[in-house]
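Q: my_file-v1.json is reproduced below (JSON, C-alpha atoms).
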[["chain", "number", "residue", "atom", "x", "y", "z"],
["G", 1, "MET", "CA", 91.83, 65.12, 245.15],
["G", 2, "PRO", "CA", 93.06, 61.94, 246.90],
["G", 3, "ASN", "CA", 93.64, 58.86, 244.75],
["G", 4, "SER", "CA", 90.88, 56.41, 245.75],
["G", 5, "ASN", "CA", 92.85, 53.58, 244.12],
["G", 6, "LEU", "CA", 95.82, 54.04, 246.42],
["G", 7, "ALA", "CA", 96.56, 51.20, 248.84],
["G", 8, "ILE", "CA", 99.20, 50.15, 251.33],
["G", 9, "VAL", "CA", 100.62, 46.65, 250.91],
["G", 10, "GLY", "CA", 102.73, 44.89, 253.48],
["G", 11, "ASP", "CA", 104.88, 41.84, 254.17],
["G", 12, "VAL", "CA", 105.30, 41.09, 257.87],
["G", 13, "GLY", "CA", 107.38, 38.34, 259.43],
["G", 14, "GLY", "CA", 109.19, 37.74, 262.67],
["G", 15, "THR", "CA", 112.19, 39.88, 261.68],
["G", 16, "HIS", "CA", 111.05, 42.50, 259.17],
["G", 17, "ALA", "CA", 107.94, 44.48, 258.32],
["G", 18, "ARG", "CA", 107.92, 45.83, 254.76],
["G", 19, "PHE", "CA", 105.35, 48.31, 253.47],
["G", 20, "GLY", "CA", 104.79, 50.01, 250.15],
["G", 21, "LEU", "CA", 102.20, 51.94, 248.18],
["G", 22, "THR", "CA", 100.43, 50.71, 245.06],
["G", 23, "ASP", "CA", 97.88, 52.17, 242.65],
["G", 24, "LEU", "CA", 95.16, 49.55, 242.16],
["G", 25, "GLY", "CA", 93.95, 51.38, 239.05],
["G", 26, "ARG", "CA", 96.97, 50.21, 237.07],
["G", 27, "PRO", "CA", 96.55, 47.03, 234.99],
["G", 28, "ILE", "CA", 99.76, 45.61, 236.48],
["G", 29, "PRO", "CA", 100.53, 46.75, 240.04],
["G", 30, "GLU", "CA", 103.84, 48.38, 240.88],
["G", 31, "ILE", "CA", 105.32, 49.02, 244.30],
["G", 32, "GLU", "CA", 106.22, 52.60, 245.22],
["G", 33, "GLN", "CA", 108.07, 53.94, 248.25],
["G", 34, "PRO", "CA", 108.90, 50.55, 249.79],
["G", 35, "ILE", "CA", 110.39, 50.78, 253.27],
["G", 36, "THR", "CA", 111.66, 47.96, 255.49],
["G", 37, "PHE", "CA", 111.37, 48.17, 259.27],
["G", 38, "LEU", "CA", 112.76, 45.93, 261.99],
["G", 39, "SER", "CA", 109.73, 44.37, 263.66],
["G", 40, "ALA", "CA", 111.49, 44.39, 267.03],
["G", 41, "ASP", "CA", 111.64, 48.20, 266.95],
["G", 42, "TYR", "CA", 107.84, 48.47, 267.28],
["G", 43, "GLU", "CA", 105.53, 47.15, 269.97],
["G", 44, "THR", "CA", 102.62, 46.62, 267.57],
["G", 45, "GLY", "CA", 101.90, 46.34, 263.88],
["G", 46, "HIS", "CA", 99.83, 49.50, 264.09],
["G", 47, "ALA", "CA", 102.86, 51.36, 265.42],
["G", 48, "ALA", "CA", 104.89, 50.17, 262.43],
["G", 49, "LEU", "CA", 102.12, 51.27, 260.07],
["G", 50, "THR", "CA", 102.05, 54.69, 261.73],
["G", 51, "ALA", "CA", 105.81, 54.95, 261.23],
["G", 52, "TYR", "CA", 105.37, 54.10, 257.55],
["G", 53, "LEU", "CA", 102.66, 56.74, 257.07],
["G", 54, "ASP", "CA", 104.95, 59.30, 258.71],
["G", 55, "ARG", "CA", 107.88, 58.32, 256.47],
["G", 56, "VAL", "CA", 105.86, 58.71, 253.26],
["G", 57, "GLY", "CA", 104.16, 61.90, 254.42],
["G", 58, "MET", "CA", 100.60, 60.66, 254.67],
["G", 59, "ALA", "CA", 98.41, 62.18, 257.38],
["G", 60, "SER", "CA", 95.86, 59.36, 257.27],
["G", 61, "PRO", "CA", 95.60, 55.83, 255.85],
["G", 62, "PRO", "CA", 94.53, 55.37, 252.22],
["G", 63, "GLU", "CA", 91.46, 53.45, 251.10],
["G", 64, "ALA", "CA", 92.79, 49.91, 251.37],
["G", 65, "VAL", "CA", 95.47, 47.70, 252.88],
["G", 66, "ALA", "CA", 96.57, 44.10, 252.33],
["G", 67, "ILE", "CA", 99.32, 42.54, 254.41],
["G", 68, "ALA", "CA", 101.05, 39.25, 253.67],
["G", 69, "VAL", "CA", 101.91, 37.56, 256.96],
["G", 70, "ALA", "CA", 104.20, 34.69, 257.91],
["G", 71, "GLY", "CA", 101.73, 32.15, 259.20],
["G", 72, "PRO", "CA", 98.14, 30.98, 258.91],
["G", 73, "VAL", "CA", 95.37, 33.59, 258.90],
["G", 74, "ILE", "CA", 92.45, 32.33, 260.98],
["G", 75, "GLY", "CA", 89.20, 34.26, 261.10],
["G", 76, "GLY", "CA", 90.84, 37.30, 259.55],
["G", 77, "ALA", "CA", 93.53, 37.48, 262.23],
["G", 78, "ILE", "CA", 97.03, 36.27, 263.04],
["G", 79, "ALA", "CA", 99.08, 35.96, 266.21],
["G", 80, "PHE", "CA", 102.73, 35.78, 265.19],
["G", 81, "THR", "CA", 104.82, 32.92, 266.51],
["G", 82, "ASN", "CA", 108.16, 34.71, 266.84],
["G", 83, "MET", "CA", 107.02, 38.07, 268.20],
["G", 84, "SER", "CA", 104.25, 39.60, 270.28],
["G", 85, "TRP", "CA", 102.39, 41.30, 267.45],
["G", 86, "THR", "CA", 98.83, 40.44, 266.51],
["G", 87, "LEU", "CA", 97.03, 41.76, 263.45],
["G", 88, "SER", "CA", 93.40, 41.51, 262.40],
["G", 89, "GLU", "CA", 91.33, 42.81, 259.52],
["G", 90, "THR", "CA", 88.90, 44.30, 262.06],
["G", 91, "GLY", "CA", 91.75, 46.11, 263.79],
["G", 92, "LEU", "CA", 93.10, 47.46, 260.49],
["G", 93, "LYS", "CA", 89.68, 48.89, 259.67],
["G", 94, "ALA", "CA", 89.58, 50.52, 263.10],
["G", 95, "PHE", "CA", 93.01, 51.98, 262.31],
["G", 96, "GLY", "CA", 91.39, 53.85, 259.41],
["G", 97, "PHE", "CA", 91.35, 51.59, 256.33],
["G", 98, "ARG", "CA", 87.98, 50.99, 254.69],
["G", 99, "ARG", "CA", 89.14, 47.73, 253.10],
["G", 100, "ALA", "CA", 91.59, 45.42, 254.84],
["G", 101, "ALA", "CA", 92.92, 41.94, 254.12],
["G", 102, "LEU", "CA", 95.44, 39.62, 255.74],
["G", 103, "ILE", "CA", 96.82, 36.84, 253.55],
["G", 104, "ASN", "CA", 99.45, 34.15, 253.99],
["G", 105, "ASP", "CA", 102.84, 35.33, 252.72],
["G", 106, "PHE", "CA", 103.45, 32.35, 250.44],
["G", 107, "GLY", "CA", 99.92, 32.65, 249.11],
["G", 108, "ALA", "CA", 100.85, 36.21, 248.15],
["G", 109, "LEU", "CA", 104.01, 34.96, 246.43],
["G", 110, "ALA", "CA", 101.97, 32.50, 244.39],
["G", 111, "LEU", "CA", 99.61, 35.27, 243.23],
["G", 112, "ALA", "CA", 102.48, 37.46, 242.07],
["G", 113, "ALA", "CA", 104.90, 34.90, 240.61],
["G", 114, "PRO", "CA", 103.27, 34.39, 237.17],
["G", 115, "HIS", "CA", 103.25, 38.17, 236.59],
["G", 116, "LEU", "CA", 106.97, 38.68, 237.12],
["G", 117, "PRO", "CA", 109.00, 40.07, 234.21],
["G", 118, "PRO", "CA", 111.95, 37.95, 233.04],
["G", 119, "ALA", "CA", 114.42, 40.34, 234.68],
["G", 120, "ALA", "CA", 112.92, 39.54, 238.11],
["G", 121, "CYS", "CA", 113.75, 35.83, 237.86],
["G", 122, "HIS", "CA", 116.75, 33.63, 237.13],
["G", 123, "THR", "CA", 115.59, 30.62, 235.12],
["G", 124, "ILE", "CA", 117.23, 27.22, 235.53],
["G", 125, "GLY", "CA", 116.00, 24.68, 232.99],
["G", 126, "PRO", "CA", 113.45, 25.24, 230.19],
["G", 127, "ASP", "CA", 112.04, 28.75, 229.90],
["G", 128, "LEU", "CA", 108.64, 27.97, 228.38],
["G", 129, "SER", "CA", 105.54, 26.75, 230.17],
["G", 130, "PRO", "CA", 101.95, 26.06, 229.09],
["G", 131, "PRO", "CA", 99.46, 28.92, 229.45],
["G", 132, "ASP", "CA", 96.98, 28.59, 232.33],
["G", 133, "ALA", "CA", 99.15, 25.89, 233.95],
["G", 134, "SER", "CA", 99.47, 25.70, 237.72],
["G", 135, "VAL", "CA", 102.59, 27.05, 239.41],
["G", 136, "ALA", "CA", 104.19, 26.24, 242.75],
["G", 137, "VAL", "CA", 106.29, 28.46, 244.99],
["G", 138, "VAL", "CA", 108.85, 27.10, 247.44],
["G", 139, "GLY", "CA", 111.25, 29.11, 249.53],
["G", 140, "ALA", "CA", 113.93, 28.74, 252.15],
["G", 141, "GLY", "CA", 114.48, 31.49, 254.67],
["G", 142, "THR", "CA", 113.89, 31.49, 258.40],
["G", 143, "GLY", "CA", 111.69, 28.48, 257.63],
["G", 144, "PHE", "CA", 110.56, 26.72, 254.45],
["G", 145, "GLY", "CA", 107.38, 27.86, 252.75],
["G", 146, "VAL", "CA", 105.27, 26.25, 250.04],
["G", 147, "SER", "CA", 102.21, 27.41, 248.10],
["G", 148, "LEU", "CA", 100.30, 26.62, 244.92],
["G", 149, "LEU", "CA", 98.49, 28.73, 242.36],
["G", 150, "ALA", "CA", 96.11, 26.19, 240.81],
["G", 151, "ARG", "CA", 95.10, 27.42, 237.35],
["G", 152, "ASP", "CA", 93.12, 26.27, 234.35],
["G", 153, "ALA", "CA", 91.22, 27.97, 231.55],
["G", 154, "GLN", "CA", 88.30, 28.69, 233.90],
["G", 155, "GLY", "CA", 90.25, 30.51, 236.61],
["G", 156, "GLN", "CA", 92.69, 30.19, 239.47],
["G", 157, "VAL", "CA", 92.83, 29.65, 243.22],
["G", 158, "VAL", "CA", 95.66, 30.09, 245.72],
["G", 159, "VAL", "CA", 96.40, 27.19, 248.06],
["G", 160, "SER", "CA", 98.56, 28.14, 251.04],
["G", 161, "THR", "CA", 100.15, 25.11, 252.69],
["G", 162, "GLU", "CA", 102.48, 23.98, 255.44],
["G", 163, "GLY", "CA", 104.45, 21.87, 252.97],
["G", 164, "GLY", "CA", 107.73, 22.80, 254.60],
["G", 165, "HIS", "CA", 106.84, 20.45, 257.43],
["G", 166, "ILE", "CA", 106.48, 17.27, 255.40],
["G", 167, "ALA", "CA", 109.10, 14.61, 256.08],
["G", 168, "PHE", "CA", 112.56, 14.81, 254.54],
["G", 169, "ALA", "CA", 113.23, 11.98, 252.06],
["G", 170, "PRO", "CA", 116.93, 11.13, 251.55],
["G", 171, "SER", "CA", 118.13, 10.31, 248.06],
["G", 172, "ASP", "CA", 121.54, 8.70, 248.67],
["G", 173, "GLU", "CA", 123.62, 7.13, 251.42],
["G", 174, "ILE", "CA", 125.00, 10.45, 252.68],
["G", 175, "GLU", "CA", 121.50, 11.83, 253.09],
["G", 176, "VAL", "CA", 120.42, 8.66, 254.86],
["G", 177, "GLN", "CA", 123.18, 9.32, 257.38],
["G", 178, "VAL", "CA", 122.14, 12.98, 257.65],
["G", 179, "LEU", "CA", 118.58, 11.84, 258.38],
["G", 180, "GLN", "CA", 119.79, 9.44, 261.06],
["G", 181, "ILE", "CA", 121.84, 12.15, 262.78],
["G", 182, "LEU", "CA", 119.03, 14.71, 262.69],
["G", 183, "THR", "CA", 116.49, 12.13, 263.86],
["G", 184, "LYS", "CA", 118.55, 11.66, 267.02],
["G", 185, "ALA", "CA", 118.54, 15.44, 267.53],
["G", 186, "PHE", "CA", 114.95, 16.29, 266.64],
["G", 187, "GLY", "CA", 112.87, 13.13, 266.32],
["G", 188, "ARG", "CA", 110.84, 13.57, 263.16],
["G", 189, "VAL", "CA", 112.87, 15.44, 260.51],
["G", 190, "SER", "CA", 110.95, 17.81, 258.26],
["G", 191, "ILE", "CA", 112.19, 19.57, 255.14],
["G", 192, "GLU", "CA", 112.52, 22.76, 257.16],
["G", 193, "ARG", "CA", 115.12, 21.11, 259.41],
["G", 194, "ILE", "CA", 117.47, 21.25, 256.40],
["G", 195, "LEU", "CA", 116.09, 23.77, 253.91],
["G", 196, "SER", "CA", 116.18, 26.94, 256.00],
["G", 197, "GLY", "CA", 118.71, 29.23, 257.63],
["G", 198, "PRO", "CA", 118.87, 27.10, 260.79],
["G", 199, "GLY", "CA", 118.66, 24.04, 258.54],
["G", 200, "ILE", "CA", 121.90, 24.85, 256.72],
["G", 201, "LEU", "CA", 123.62, 24.76, 260.08],
["G", 202, "ASN", "CA", 121.95, 21.42, 260.91],
["G", 203, "LEU", "CA", 123.11, 20.02, 257.57],
["G", 204, "HIS", "CA", 126.65, 21.31, 258.02],
["G", 205, "ARG", "CA", 127.02, 19.82, 261.49],
["G", 206, "ALA", "CA", 125.69, 16.49, 260.25],
["G", 207, "LEU", "CA", 128.14, 16.42, 257.32],
["G", 208, "CYS", "CA", 130.99, 17.30, 259.68],
["G", 209, "GLN", "CA", 129.96, 14.43, 261.96],
["G", 210, "ILE", "CA", 129.90, 12.04, 259.00],
["G", 211, "ALA", "CA", 133.37, 13.24, 257.95],
["G", 212, "GLY", "CA", 134.69, 13.04, 261.52],
["G", 213, "VAL", "CA", 135.69, 16.70, 261.72],
["G", 214, "VAL", "CA", 134.83, 19.49, 264.16],
["G", 215, "THR", "CA", 133.27, 22.68, 262.80],
["G", 216, "SER", "CA", 133.69, 26.18, 264.18],
["G", 217, "CYS", "CA", 130.79, 27.51, 262.08],
["G", 218, "ALA", "CA", 128.02, 28.90, 264.24],
["G", 219, "SER", "CA", 125.80, 30.48, 261.58],
["G", 220, "PRO", "CA", 124.92, 30.21, 257.88],
["G", 221, "ALA", "CA", 127.14, 33.23, 257.25],
["G", 222, "ASP", "CA", 130.07, 31.35, 258.79],
["G", 223, "ILE", "CA", 129.44, 28.41, 256.46],
["G", 224, "SER", "CA", 129.31, 30.68, 253.40],
["G", 225, "GLY", "CA", 132.52, 32.39, 254.49],
["G", 226, "SER", "CA", 134.28, 29.08, 255.04],
["G", 227, "ALA", "CA", 133.13, 27.89, 251.62],
["G", 228, "ARG", "CA", 134.56, 31.01, 249.97],
["G", 229, "ALA", "CA", 137.82, 30.34, 251.83],
["G", 230, "GLY", "CA", 137.94, 26.84, 250.31],
["G", 231, "ASP", "CA", 136.77, 24.72, 253.26],
["G", 232, "LYS", "CA", 135.79, 21.35, 251.78],
["G", 233, "ILE", "CA", 132.91, 20.50, 254.14],
["G", 234, "ALA", "CA", 131.45, 24.00, 253.89],
["G", 235, "ILE", "CA", 131.48, 23.74, 250.10],
["G", 236, "GLN", "CA", 129.84, 20.32, 250.31],
["G", 237, "THR", "CA", 127.20, 21.77, 252.63],
["G", 238, "LEU", "CA", 126.14, 24.44, 250.16],
["G", 239, "GLU", "CA", 126.20, 22.00, 247.25],
["G", 240, "ARG", "CA", 124.18, 19.44, 249.20],
["G", 241, "PHE", "CA", 121.71, 22.13, 250.28],
["G", 242, "CYS", "CA", 121.13, 23.05, 246.62],
["G", 243, "ALA", "CA", 120.76, 19.41, 245.60],
["G", 244, "ILE", "CA", 118.15, 18.73, 248.30],
["G", 245, "LEU", "CA", 116.34, 21.95, 247.36],
["G", 246, "GLY", "CA", 116.13, 20.70, 243.78],
["G", 247, "ALA", "CA", 114.84, 17.29, 244.86],
["G", 248, "VAL", "CA", 112.16, 18.86, 247.07],
["G", 249, "ALA", "CA", 111.13, 21.37, 244.37],
["G", 250, "GLY", "CA", 110.73, 18.47, 241.93],
["G", 251, "ASP", "CA", 108.60, 16.57, 244.44],
["G", 252, "PHE", "CA", 106.24, 19.54, 244.74],
["G", 253, "ALA", "CA", 106.16, 19.90, 240.95],
["G", 254, "LEU", "CA", 104.87, 16.32, 240.84],
["G", 255, "SER", "CA", 102.55, 16.67, 243.83],
["G", 256, "TYR", "CA", 100.88, 19.82, 242.50],
["G", 257, "GLY", "CA", 101.08, 19.15, 238.75],
["G", 258, "ALA", "CA", 102.88, 22.50, 238.53],
["G", 259, "ARG", "CA", 103.57, 22.42, 234.80],
["G", 260, "GLY", "CA", 103.66, 26.23, 234.76],
["G", 261, "GLY", "CA", 106.85, 26.21, 236.79],
["G", 262, "VAL", "CA", 108.27, 26.09, 240.28],
["G", 263, "TYR", "CA", 109.36, 29.47, 241.62],
["G", 264, "VAL", "CA", 112.10, 29.43, 244.24],
["G", 265, "ALA", "CA", 111.62, 32.37, 246.60],
["G", 266, "GLY", "CA", 112.87, 33.11, 250.12],
["G", 267, "GLY", "CA", 115.96, 34.92, 251.25],
["G", 268, "ILE", "CA", 118.57, 32.19, 250.71],
["G", 269, "ALA", "CA", 118.46, 31.09, 247.06],
["G", 270, "PRO", "CA", 118.92, 34.55, 245.46],
["G", 271, "ARG", "CA", 122.12, 35.04, 247.49],
["G", 272, "MET", "CA", 123.71, 31.84, 246.18],
["G", 273, "LEU", "CA", 122.70, 31.85, 242.52],
["G", 274, "ASP", "CA", 126.19, 30.92, 241.32],
["G", 275, "VAL", "CA", 126.32, 27.87, 243.60],
["G", 276, "LEU", "CA", 122.76, 26.90, 242.72],
["G", 277, "GLN", "CA", 123.40, 27.11, 238.98],
["G", 278, "ALA", "CA", 126.54, 24.96, 239.21],
["G", 279, "SER", "CA", 125.07, 22.44, 241.64],
["G", 280, "ALA", "CA", 122.95, 19.32, 241.22],
["G", 281, "PHE", "CA", 119.80, 21.41, 241.84],
["G", 282, "ARG", "CA", 118.33, 20.88, 238.39],
["G", 283, "SER", "CA", 119.45, 17.28, 237.94],
["G", 284, "ARG", "CA", 117.88, 16.37, 241.28],
["G", 285, "PHE", "CA", 114.74, 18.29, 240.30],
["G", 286, "GLU", "CA", 114.43, 16.09, 237.20],
["G", 287, "ASP", "CA", 115.49, 12.82, 238.85],
["G", 288, "LYS", "CA", 111.98, 11.41, 239.22],
["G", 289, "GLY", "CA", 112.28, 7.95, 237.69],
["G", 290, "ARG", "CA", 109.48, 7.17, 235.25],
["G", 291, "PHE", "CA", 108.31, 10.81, 235.42],
["G", 292, "ARG", "CA", 111.67, 12.31, 234.47],
["G", 293, "ASP", "CA", 110.39, 13.59, 231.12],
["G", 294, "TYR", "CA", 107.32, 15.13, 232.77],
["G", 295, "VAL", "CA", 109.40, 17.08, 235.27],
["G", 296, "ALA", "CA", 112.16, 17.93, 232.78],
["G", 297, "ALA", "CA", 109.68, 20.10, 230.87],
["G", 298, "ILE", "CA", 108.90, 22.21, 233.96],
["G", 299, "PRO", "CA", 110.90, 25.43, 234.43],
["G", 300, "THR", "CA", 112.47, 26.40, 237.73],
["G", 301, "ARG", "CA", 112.87, 30.11, 238.39],
["G", 302, "VAL", "CA", 114.73, 31.74, 241.28],
["G", 303, "VAL", "CA", 112.91, 34.93, 242.24],
["G", 304, "THR", "CA", 115.20, 37.95, 242.54],
["G", 305, "HIS", "CA", 112.45, 40.59, 242.90],
["G", 306, "PRO", "CA", 112.84, 42.11, 246.39],
["G", 307, "TYR", "CA", 109.14, 42.81, 247.02],
["G", 308, "LEU", "CA", 107.31, 39.82, 245.60],
["G", 309, "ALA", "CA", 104.97, 39.49, 248.61],
["G", 310, "LEU", "CA", 103.99, 43.16, 248.28],
["G", 311, "LEU", "CA", 103.12, 42.59, 244.63],
["G", 312, "GLY", "CA", 101.07, 39.56, 245.64],
["G", 313, "ALA", "CA", 99.17, 41.62, 248.20],
["G", 314, "ALA", "CA", 98.41, 44.18, 245.48],
["G", 315, "HIS", "CA", 97.16, 41.48, 243.12],
["G", 316, "PHE", "CA", 94.97, 40.15, 245.93],
["G", 317, "LEU", "CA", 93.31, 43.56, 246.40],
["G", 318, "GLN", "CA", 92.81, 43.94, 242.65],
["G", 319, "SER", "CA", 91.13, 40.56, 242.39],
["G", 320, "ARG", "CA", 88.83, 41.21, 245.37],
["G", 321, "PRO", "CA", 87.67, 44.82, 245.10],
["G", 322, "GLN", "CA", 85.06, 44.37, 247.82],
["G", 323, "SER", "CA", 87.35, 42.66, 250.40]]
Here is a file; write its structure as structure tokens.
A:
Amino acid sequence: MPNSNLAIVGDVGGTHARFGLTDLGRPIPEIEQPITFLSADYETGHAALTAYLDRVGMASPPEAVAIAVAGPVIGGAIAFTNMSWTLSETGLKAFGFRRAALINDFGALALAAPHLPPAACHTIGPDLSPPDASVAVVGAGTGFGVSLLARDAQGQVVVSTEGGHIAFAPSDEIEVQVLQILTKAFGRVSIERILSGPGILNLHRALCQIAGVVTSCASPADISGSARAGDKIAIQTLERFCAILGAVAGDFALSYGARGGVYVAGGIAPRMLDVLQASAFRSRFEDKGRFRDYVAAIPTRVVTHPYLALLGAAHFLQSRPQS
């Protein structure tokens, strides 16, 4: 007899589409048979879902689906910015699911983050946090995402935001010069202009201009390689990136009252844990003037779990059985 608690969960962005199975009858969801597809290989999201069903040997969709998507969900639908796909809850039901939900990807991360086991995070700073306290999630990848899980003893609510597009605030003379250089290039300079894959390159070029040197780096991978080879400006770029990430994470800890912790997700931070740990990340996180003691008590955790958004989608379905 088919498992009526079985669901597909997904995480879809401009580059990858990840799908997995989860049993909603379990107290704590787990992800089974996760598979990552290149979005560009499929004309539609439904085609990618069909490929997933074929790969896991399912002749028809299970009872439910929840997909975390990179962007705002409006009226139960999303049109992706960086590809031609569109997805809608109505369309997913027509595909064969009885229950279907689309949720913002960073909203999904916020739902899952407090449930992560210690092995799925790398903690920088204090490791204890008050029960029922709010948590924030920030993350650098293709862009910069921000979300909040507001919690108290009465319950919780996810707040998905576009916090990555607030203005960059420099903290020293070098960063003032970086801001001036990027302002000439872009006009208004948001956090995402620095704290993202393209942003690392922006930061590196600005630091090279300040130092009066010419860079041959054309990608974040080039910068990382140059840093490993001992290039001074490349090393400074990665260290400065981590310092700014810490300052921004601390600002969101203050803005959201996230005493339960700030989780650092996204594709970049887990790949540079050694640099992050040795950098000014934590000191800049805590450098909040009269509120230093307040922020110093807040843990920062780098998420190393590869399918956090899928877990968040599973938690969403569990919390809304009639969605």
Q: At a cut-off of 10 Å, using only C-alpha atoms, what residues contact Leu24 (chain G)? Leave out same-chain residues fewer than 4 positions from it and give the result as a ChimeraX atom specification.
A: /G:3-7,28-30,64,314-315,317-319,321
Q: Residues of region 102-177 of chain G within 10 Å of region 11-18 of chain G: nearest atom pair and distance (Å, one decimal) for each, counting all atoms listed in the file, sorted by chain and number, as JSON lines?
A:
{"residue": "G:Leu102", "atom": "CA", "partner": "G:Asp11", "partner_atom": "CA", "distance": 9.8}
{"residue": "G:Ile103", "atom": "CA", "partner": "G:Asp11", "partner_atom": "CA", "distance": 9.5}
{"residue": "G:Asn104", "atom": "CA", "partner": "G:Asp11", "partner_atom": "CA", "distance": 9.4}
{"residue": "G:Asp105", "atom": "CA", "partner": "G:Asp11", "partner_atom": "CA", "distance": 7.0}
{"residue": "G:Ala108", "atom": "CA", "partner": "G:Asp11", "partner_atom": "CA", "distance": 9.2}
{"residue": "G:Thr142", "atom": "CA", "partner": "G:Gly14", "partner_atom": "CA", "distance": 8.9}
Q: So which one's closest to Ala218 (chain G), G:Ile174, G:Ala79, G:Leu201, G:Leu182? Using only C-alpha atoms, please.
A: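 Ranking G:Ile174, G:Ala79, G:Leu201, G:Leu182 by distance to Ala218 (chain G), first place goes to G:Leu201.
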Q: So how far away is CA of Leu148 (chain G) from CA of Ala100 (chain G), in Å?
A: 23.0 Å
Q: Mind working out the centre and edge lengths of an axis-aligned box for region 261-278 of chain G, all listed atoms inside, 8 Å added to each side, rounded to one decimal in Å and written as JSON?
A:
{"center_x": 116.7, "center_y": 30.0, "center_z": 244.0, "size_x": 35.7, "size_y": 26.1, "size_z": 30.5}
Q: Ranking G:Ala167, G:Ala280, G:Leu273, G:Ala94 by minimum distance to Gln236 (chain G) and counting only C-alpha atoms, which one comes first?
A: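 Distance minimum relative to Gln236 (chain G) lands on G:Ala280.
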Q: I need region 271-306 of chain G from the structure I supplied, saved as a short mmCIF file (atom, residue, chain, number, x, y, z; two decimals), in the first residue's frame with C-alpha atoms retained.
A:
data_model
loop_
_atom_site.label_atom_id
_atom_site.label_comp_id
_atom_site.auth_asym_id
_atom_site.auth_seq_id
_atom_site.Cartn_x
_atom_site.Cartn_y
_atom_site.Cartn_z
CA ARG G 271 33.74 26.22 1.41
CA MET G 272 35.94 28.67 3.31
CA LEU G 273 35.44 27.62 6.92
CA ASP G 274 39.16 27.79 7.71
CA VAL G 275 39.42 31.37 6.44
CA LEU G 276 36.19 32.35 8.17
CA GLN G 277 37.30 30.92 11.51
CA ALA G 278 40.66 32.71 11.39
CA SER G 279 39.25 36.00 10.10
CA ALA G 280 37.68 39.02 11.78
CA PHE G 281 34.21 37.55 11.13
CA ARG G 282 33.31 37.11 14.79
CA SER G 283 34.99 40.26 16.08
CA ARG G 284 33.14 42.32 13.47
CA PHE G 285 29.91 40.50 14.38
CA GLU G 286 30.34 41.64 17.99
CA ASP G 287 31.64 45.14 17.22
CA LYS G 288 28.35 46.93 17.89
CA GLY G 289 29.36 49.69 20.29
CA ARG G 290 27.05 49.93 23.30
CA PHE G 291 25.36 46.66 22.28
CA ARG G 292 28.56 44.62 22.14
CA ASP G 293 27.57 42.48 25.15
CA TYR G 294 24.11 41.84 23.67
CA VAL G 295 25.54 40.58 20.38
CA ALA G 296 28.46 38.73 21.99
CA ALA G 297 25.97 36.32 23.58
CA ILE G 298 24.47 35.37 20.19
CA PRO G 299 25.90 32.28 18.45
CA THR G 300 26.85 32.25 14.79
CA ARG G 301 26.62 28.92 13.01
CA VAL G 302 27.81 28.11 9.50
CA VAL G 303 25.44 25.56 7.97
CA THR G 304 27.20 22.59 6.41
CA HIS G 305 24.08 20.47 5.76
CA PRO G 306 23.77 20.10 1.96
#
